[in-house]
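Structure data (mmCIF, C-alpha atoms) from upload-v3.cif:
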data_target
loop_
_atom_site.label_atom_id
_atom_site.label_comp_id
_atom_site.auth_asym_id
_atom_site.auth_seq_id
_atom_site.Cartn_x
_atom_site.Cartn_y
_atom_site.Cartn_z
CA ASN A 1 0.00 0.00 0.00
CA VAL A 2 1.11 3.53 -0.74
CA TYR A 3 0.60 5.99 2.10
CA THR A 4 0.51 9.77 2.00
CA GLY A 5 -0.35 11.72 5.12
CA GLU A 6 0.55 12.54 8.70
CA TYR A 7 2.26 10.12 11.08
CA THR A 8 2.24 10.20 14.89
CA GLU A 9 3.66 7.70 17.37
CA TRP A 10 3.08 7.78 21.16
CA TYR A 11 4.80 6.38 24.23
CA ASP A 12 2.78 4.01 26.42
CA SER A 13 2.26 7.03 28.67
CA LYS A 14 0.37 8.69 25.78
CA LYS A 15 3.10 11.30 25.36
CA ILE A 16 4.04 12.04 21.74
CA LYS A 17 7.18 10.21 20.60
CA THR A 18 7.41 10.95 16.85
CA THR A 19 5.58 13.17 14.35
CA GLY A 20 6.05 13.56 10.61
CA SER A 21 4.58 13.17 7.16
CA TYR A 22 4.77 10.65 4.33
CA VAL A 23 4.36 11.26 0.62
CA LYS A 24 3.96 8.01 -1.28
CA ASN A 25 5.67 6.03 1.50
CA LYS A 26 8.64 8.43 1.69
CA TRP A 27 9.52 10.76 4.54
CA GLU A 28 8.72 14.32 3.58
CA GLY A 29 9.19 17.65 5.30
CA LYS A 30 9.75 17.97 9.03
CA TRP A 31 10.03 14.97 11.33
CA GLU A 32 10.38 15.39 15.10
CA ASN A 33 11.25 12.99 17.91
CA PHE A 34 10.65 13.68 21.60
CA TYR A 35 11.81 12.29 24.91
CA GLU A 36 9.03 10.99 27.12
CA ASN A 37 9.32 14.08 29.32
CA GLY A 38 8.38 16.22 26.30
CA ASN A 39 11.85 17.57 25.52
CA ARG A 40 12.72 17.55 21.84
CA LYS A 41 15.10 14.71 20.93
CA SER A 42 15.67 15.45 17.25
CA ILE A 43 14.28 17.34 14.27
CA SER A 44 14.97 16.38 10.65
CA GLU A 45 14.03 17.76 7.25
CA TYR A 46 13.44 15.43 4.29
CA ASN A 47 12.93 15.94 0.58
CA ILE A 48 11.22 12.96 -1.05
CA GLY A 49 12.84 10.57 1.41
CA THR A 50 16.29 12.15 1.34
CA LEU A 51 17.65 13.65 4.56
CA ILE A 52 18.57 17.32 4.05
CA SER A 53 19.23 18.49 7.59
CA SER A 54 18.98 17.13 11.09
CA ALA A 55 19.80 18.11 14.66
CA GLY A 56 19.55 16.17 17.91
CA TRP A 57 19.67 17.00 21.62
CA PHE A 58 20.52 15.21 24.84
CA LEU A 59 17.85 14.81 27.46
CA ASN A 60 19.30 17.82 29.30
CA GLY A 61 18.81 20.00 26.22
CA GLY A 62 22.43 20.12 25.08
CA LYS A 63 23.04 19.55 21.37
CA ARG A 64 24.00 15.96 20.49
CA PHE A 65 24.52 16.28 16.71
CA GLU A 66 23.85 18.39 13.63
CA TYR A 67 23.82 17.43 9.96
CA SER A 68 23.19 19.45 6.82
CA VAL A 69 23.83 19.10 3.09
CA ASP A 70 23.27 21.20 -0.01
CA LYS A 71 21.22 20.22 -3.06
CA PHE A 72 24.14 18.10 -4.29
CA GLY A 73 24.35 16.11 -1.05
CA ASN A 74 27.56 17.79 0.16
CA GLY A 75 27.95 19.14 3.68
CA SER A 76 29.04 17.94 7.10
CA SER A 77 27.93 16.37 10.35
CA THR A 78 29.13 17.07 13.87
CA TYR A 79 28.56 15.10 17.07
CA TYR A 80 29.03 16.62 20.53
CA TYR A 81 29.73 15.47 24.06
CA GLU A 82 26.96 16.14 26.52
CA GLU A 83 28.76 19.15 27.96
CA GLY A 84 28.97 20.72 24.49
CA LYS A 85 32.48 19.96 23.23
CA VAL A 86 32.95 18.57 19.71
CA LYS A 87 33.22 14.77 19.59
CA VAL A 88 33.34 13.87 15.87
CA ILE A 89 33.38 15.91 12.65
CA SER A 90 32.57 14.17 9.36
CA PRO A 91 32.53 15.45 5.77
CA ILE A 92 29.44 14.52 3.77
CA LYS A 93 29.62 14.04 0.01
CA LEU A 94 26.85 12.59 -2.12
CA TYR A 95 24.82 12.12 1.10
CA SER A 96 27.46 9.79 2.58
CA VAL A 97 30.57 10.08 4.75
CA ILE A 98 33.49 10.53 2.34
CA GLY A 99 36.86 12.02 3.34
CA GLU A 100 38.72 12.44 6.62
CA VAL A 101 36.70 12.02 9.80
CA THR A 102 38.20 13.42 13.00
CA GLY A 103 37.26 12.56 16.57
CA PHE A 104 38.26 14.27 19.80
CA TYR A 105 38.56 13.42 23.47
CA GLN A 106 36.58 15.54 25.90
CA ASN A 107 39.80 17.46 26.63
CA GLY A 108 39.85 18.61 22.98
CA ILE A 109 42.85 16.48 21.94
CA LYS A 110 42.45 14.39 18.81
CA ALA A 111 41.22 10.86 19.58
CA PHE A 112 41.30 9.49 16.04
CA ASP A 113 41.35 10.36 12.36
CA ALA A 114 40.22 8.14 9.53
CA SER A 115 39.84 8.13 5.78
CA LEU A 116 36.34 6.95 4.87
CA SER A 117 34.48 6.24 1.67
CA PHE A 118 30.71 5.81 1.85
CA GLY A 119 30.96 5.24 5.60
CA ALA A 120 33.70 2.56 5.53
CA PHE A 121 37.45 2.83 6.12
CA SER A 122 39.19 3.32 2.79
CA GLU A 123 42.88 4.07 3.54
CA TYR A 124 43.74 4.56 7.21
CA PHE A 125 42.44 4.75 10.76
CA ARG A 126 44.69 6.26 13.44
CA VAL A 127 43.94 6.26 17.17
CA TYR A 128 45.70 8.52 19.68
CA TYR A 129 46.30 8.46 23.43
CA PRO A 130 44.54 11.18 25.48
CA LEU A 131 47.75 13.25 25.50
CA GLY A 132 48.09 13.07 21.71
CA GLN A 133 50.64 10.30 21.10
CA LEU A 134 49.86 7.84 18.29
CA LYS A 135 48.43 4.63 19.77
CA ARG A 136 47.47 2.57 16.74
CA GLU A 137 47.55 2.89 12.97
CA GLU A 138 45.48 0.69 10.71
CA LYS A 139 45.91 0.57 6.93
CA TYR A 140 43.12 -0.39 4.55
CA ASN A 141 42.92 -1.46 0.92
CA SER A 142 39.55 -1.74 -0.80
CA MET A 143 37.96 -1.14 2.61
CA SER A 144 39.66 -4.22 4.13
CA LEU A 145 42.16 -4.05 7.00
CA THR A 146 45.62 -5.05 5.70
CA HIS A 147 48.18 -3.84 8.27
CA MET A 148 48.38 -2.70 11.90
CA THR A 149 51.00 -0.96 14.00
CA CYS A 150 50.48 -0.35 17.74
CA TYR A 151 52.56 1.92 19.98
CA PHE A 152 53.24 2.37 23.68
CA GLU A 153 52.62 5.79 25.20
CA ASN A 154 56.37 6.44 25.16
CA GLY A 155 56.36 6.15 21.36
CA GLN A 156 58.02 2.74 21.17
CA LYS A 157 56.47 0.28 18.75
CA GLU A 158 54.38 -2.36 20.58
CA ALA A 159 53.20 -4.63 17.77
CA VAL A 160 53.22 -4.70 13.98
CA GLY A 161 51.95 -7.06 11.31
CA ASP A 162 49.79 -7.74 8.29
CA VAL A 163 46.14 -8.75 8.43
CA ILE A 164 43.86 -10.70 6.10
CA ALA A 165 40.10 -10.90 6.71
CA TYR A 166 40.63 -9.52 10.24
CA ASN A 167 43.01 -12.37 11.07
CA PRO A 168 46.72 -11.80 11.84
CA CYS A 169 49.23 -13.15 9.32
CA PRO A 170 52.60 -14.77 10.11
CA LYS A 171 55.59 -12.45 10.67
CA TRP A 172 53.83 -10.38 13.34
CA GLN A 173 56.32 -8.78 15.74
CA ILE A 174 55.60 -7.82 19.36
CA PHE A 175 57.95 -5.64 21.44
CA ASP A 176 58.35 -4.49 25.03
CA ASP A 177 58.21 -0.80 25.94
CA THR A 178 61.99 -0.42 25.52
CA GLY A 179 61.83 -1.52 21.88
CA LYS A 180 63.17 -5.03 22.49
CA LEU A 181 61.60 -7.77 20.37
CA LYS A 182 59.57 -10.15 22.55
CA ILE A 183 57.78 -12.37 20.04
CA GLN A 184 58.09 -12.95 16.31
CA TRP A 185 55.67 -15.19 14.50
CA ASN A 186 57.63 -16.55 11.54
CA ASP A 187 56.54 -19.81 10.00
CA ILE A 188 53.09 -20.20 8.47
CA ASP A 189 53.52 -24.01 8.58
CA SER A 190 54.12 -24.10 12.34
CA ILE A 191 51.61 -21.65 13.73
CA ASP A 192 51.79 -21.34 17.49
CA ASP A 193 48.25 -20.92 18.87
CA LYS A 194 49.48 -18.76 21.74
CA ILE A 195 51.33 -16.38 19.41
CA ARG A 196 48.36 -16.26 17.04
CA SER A 197 46.11 -15.47 20.00
CA ILE A 198 48.37 -12.63 21.12
CA ALA A 199 48.50 -11.14 17.61
CA GLY A 200 44.77 -11.64 17.29
CA SER A 201 44.19 -9.63 20.47
CA TYR A 202 45.65 -6.59 18.69
CA VAL A 203 43.59 -7.16 15.55
CA SER A 204 40.43 -7.47 17.65
CA THR A 205 40.85 -3.80 18.65
CA ALA A 206 40.25 -2.75 15.04
CA TYR A 207 36.83 -1.21 14.43
CA PRO A 208 35.10 -2.10 11.13
CA SER A 209 32.64 0.67 11.97
CA TYR A 210 34.07 3.79 13.59
CA SER A 211 30.56 4.97 14.44
CA ALA A 212 29.96 1.90 16.62
CA LYS A 213 32.84 2.99 18.81
CA TYR A 214 32.75 6.77 18.74
CA LEU A 215 29.23 8.05 18.08
#
I need this file expressed as structure tokens, please.
Amino acid sequence: NVYTGEYTEWYDSKKIKTTGSYVKNKWEGKWENFYENGNRKSISEYNIGTLISSAGWFLNGGKRFEYSVDKFGNGSSTYYYEEGKVKVISPIKLYSVIGEVTGFYQNGIKAFDASLSFGAFSEYFRVYYPLGQLKREEKYNSMSLTHMTCYFENGQKEAVGDVIAYNPCPKWQIFDDTGKLKIQWNDIDSIDDKIRSIAGSYVSTAYPSYSAKYL
């Protein structure tokens, strides 16, 4: 069935939860969401089902995010911490996240930067310690993780190796915080389960979706 008209959803308490309009089954115009206490949660503007602008708020009224694009689908989105500081800034192209996304700790220091294409990692993802030192660098090819390097807070390399299908490959190297080599996984024909498990623990910290971790 094709529906055109107003839409309203309520909480069990009979308070309004969502209001908006459909035109031939597509979101159109202004849509609003509310917390159960009546505070506005978000407001979005659609054009024939395409999101043009949106803003959201925390329960306390502080801004949670804002998103806007021009008629070509180019713009930006910004997420905020509850106290108002910027959390993540993303470039929007063709209505999707394309370009370098940057995230920040609550102290304002960079938490990560990443190259994304249509919302997925395309070249790199770098994570930083709260004081700004590089913690981890992931390299991507065709949106698949191919290499990882991890660092101690003192700048010494902690672990390095190649990755296929989110599994560590032989030749991973793991160091102590003085730079001394602790473990080297060499021979693909004699894989040590313990070494593979240790290397795998580093790979498991990779995030296929940055939004799942940071937004």
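Across the structure, atom CA of Met143 of chain A and atom CA of Ser77 of chain A are spaced 21.6 Å apart.
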Do a neighbour search on segment 128-139 of chain A at 7 Å with only C-alpha atoms, toss out local chain neighbours closer than 6 positions, and write the hits as a list in words.
Tyr105, Ile109, Lys110, Ala111, Phe112, Leu145, Thr146, His147, Met148, Thr149, Cys150, Tyr151, Phe152 and Glu153 of chain A
Non-local contacts of Asn33 of chain A (8 Å; only C-alpha atoms; under 5 positions in same chain excluded) as a VMD selection string:
chain A and resid 17 to 19 40 to 43
Let me see the file: selected residues, C-alpha atoms, as a PDB file, in the frame of the given file.
ATOM      1  CA  LYS A  17       7.180  10.210  20.600  1.00  0.00           C
ATOM      2  CA  THR A  18       7.410  10.950  16.850  1.00  0.00           C
ATOM      3  CA  THR A  19       5.580  13.170  14.350  1.00  0.00           C
ATOM      4  CA  ARG A  40      12.720  17.550  21.840  1.00  0.00           C
ATOM      5  CA  LYS A  41      15.100  14.710  20.930  1.00  0.00           C
ATOM      6  CA  SER A  42      15.670  15.450  17.250  1.00  0.00           C
ATOM      7  CA  ILE A  43      14.280  17.340  14.270  1.00  0.00           C
TER       8      ILE A  43
END
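Our summary of the geometry notes that atom CA of Lys30 of chain A is positioned 16.8 Å from atom CA of Lys71 of chain A.
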At what distance in Å, to one decimal, does atom CA of Tyr95 of chain A lie from atom CA of Leu59 of chain A?
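Taking atom CA of Leu59 of chain A and atom CA of Tyr95 of chain A, their separation equals 27.4 Å.
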Would you give me, as JSON lines, each residue of segment 106-178 of chain A having an atom within 7 Å of an atom of segment 197-204 of chain A, along with its shortest atom pair and that distance in Å to one decimal, using only C-alpha atoms and sorting by chain and residue number?
{"residue": "A:Tyr166", "atom": "CA", "partner": "A:Val203", "partner_atom": "CA", "distance": 6.5}
{"residue": "A:Asn167", "atom": "CA", "partner": "A:Gly200", "partner_atom": "CA", "distance": 6.5}
{"residue": "A:Pro168", "atom": "CA", "partner": "A:Gly200", "partner_atom": "CA", "distance": 5.8}
{"residue": "A:Trp172", "atom": "CA", "partner": "A:Ala199", "partner_atom": "CA", "distance": 6.9}
Applied to this file, what does the PyMOL selection byres ((chain A and resi 100) around 7) return in terms of residues, put as a PyMOL selection string?
chain A and resi 90-91+99+101-102+113-116
Tell me which of A:Lys26, A:Lys63, A:Arg126, A:Lys15 sits closest to Tyr81 of chain A, counting all atoms listed in the file.
A:Lys63
Nearby residues (all atoms listed in the file) at most 10 Å from Ile92 of chain A, same-chain spacing under 5 positions excluded, as a list of chain:residue names
A:Tyr67, A:Ser68, A:Val69, A:Asp70, A:Gly73, A:Asn74, A:Gly75, A:Ser76, A:Ser77, A:Val97, A:Ile98, A:Gly99, A:Glu100, A:Val101, A:Ser117, A:Phe118, A:Gly119
Find the smallest box with edges along x, y and z containing every listed atom of segment 86-100 of chain A, then add 5 Å on each side and report centre and edge lengths in Å to one decimal, as JSON.
{"center_x": 31.8, "center_y": 14.2, "center_z": 8.8, "size_x": 23.9, "size_y": 18.8, "size_z": 31.8}
List the residues matched by the PyMOL selection byres ((chain A and resi 23) around 8) in the displayed structure as a short mmCIF file (atom, residue, chain, number, x, y, z; two decimals) with C-alpha atoms, in the frame of the given file, ordered by chain and then by residue number.
data_model
loop_
_atom_site.label_atom_id
_atom_site.label_comp_id
_atom_site.auth_asym_id
_atom_site.auth_seq_id
_atom_site.Cartn_x
_atom_site.Cartn_y
_atom_site.Cartn_z
CA TYR A 3 0.60 5.99 2.10
CA THR A 4 0.51 9.77 2.00
CA GLY A 5 -0.35 11.72 5.12
CA SER A 21 4.58 13.17 7.16
CA TYR A 22 4.77 10.65 4.33
CA LYS A 24 3.96 8.01 -1.28
CA ASN A 25 5.67 6.03 1.50
CA LYS A 26 8.64 8.43 1.69
CA TRP A 27 9.52 10.76 4.54
CA GLU A 28 8.72 14.32 3.58
CA ILE A 48 11.22 12.96 -1.05
#
Selection under test: the PyMOL selection byres ((chain A and resi 53) around 6); residues as a PyMOL selection string:
chain A and resi 44-45+51-52+54+67-68
Please determine, counting only C-alpha atoms, which residue among A:Ser144, A:Gln184, A:Thr50, A:Thr8 has the shortest atom-to-atom distance to Val160 of chain A.
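When distances to Val160 of chain A are compared using only C-alpha atoms, the smallest one comes from A:Gln184.
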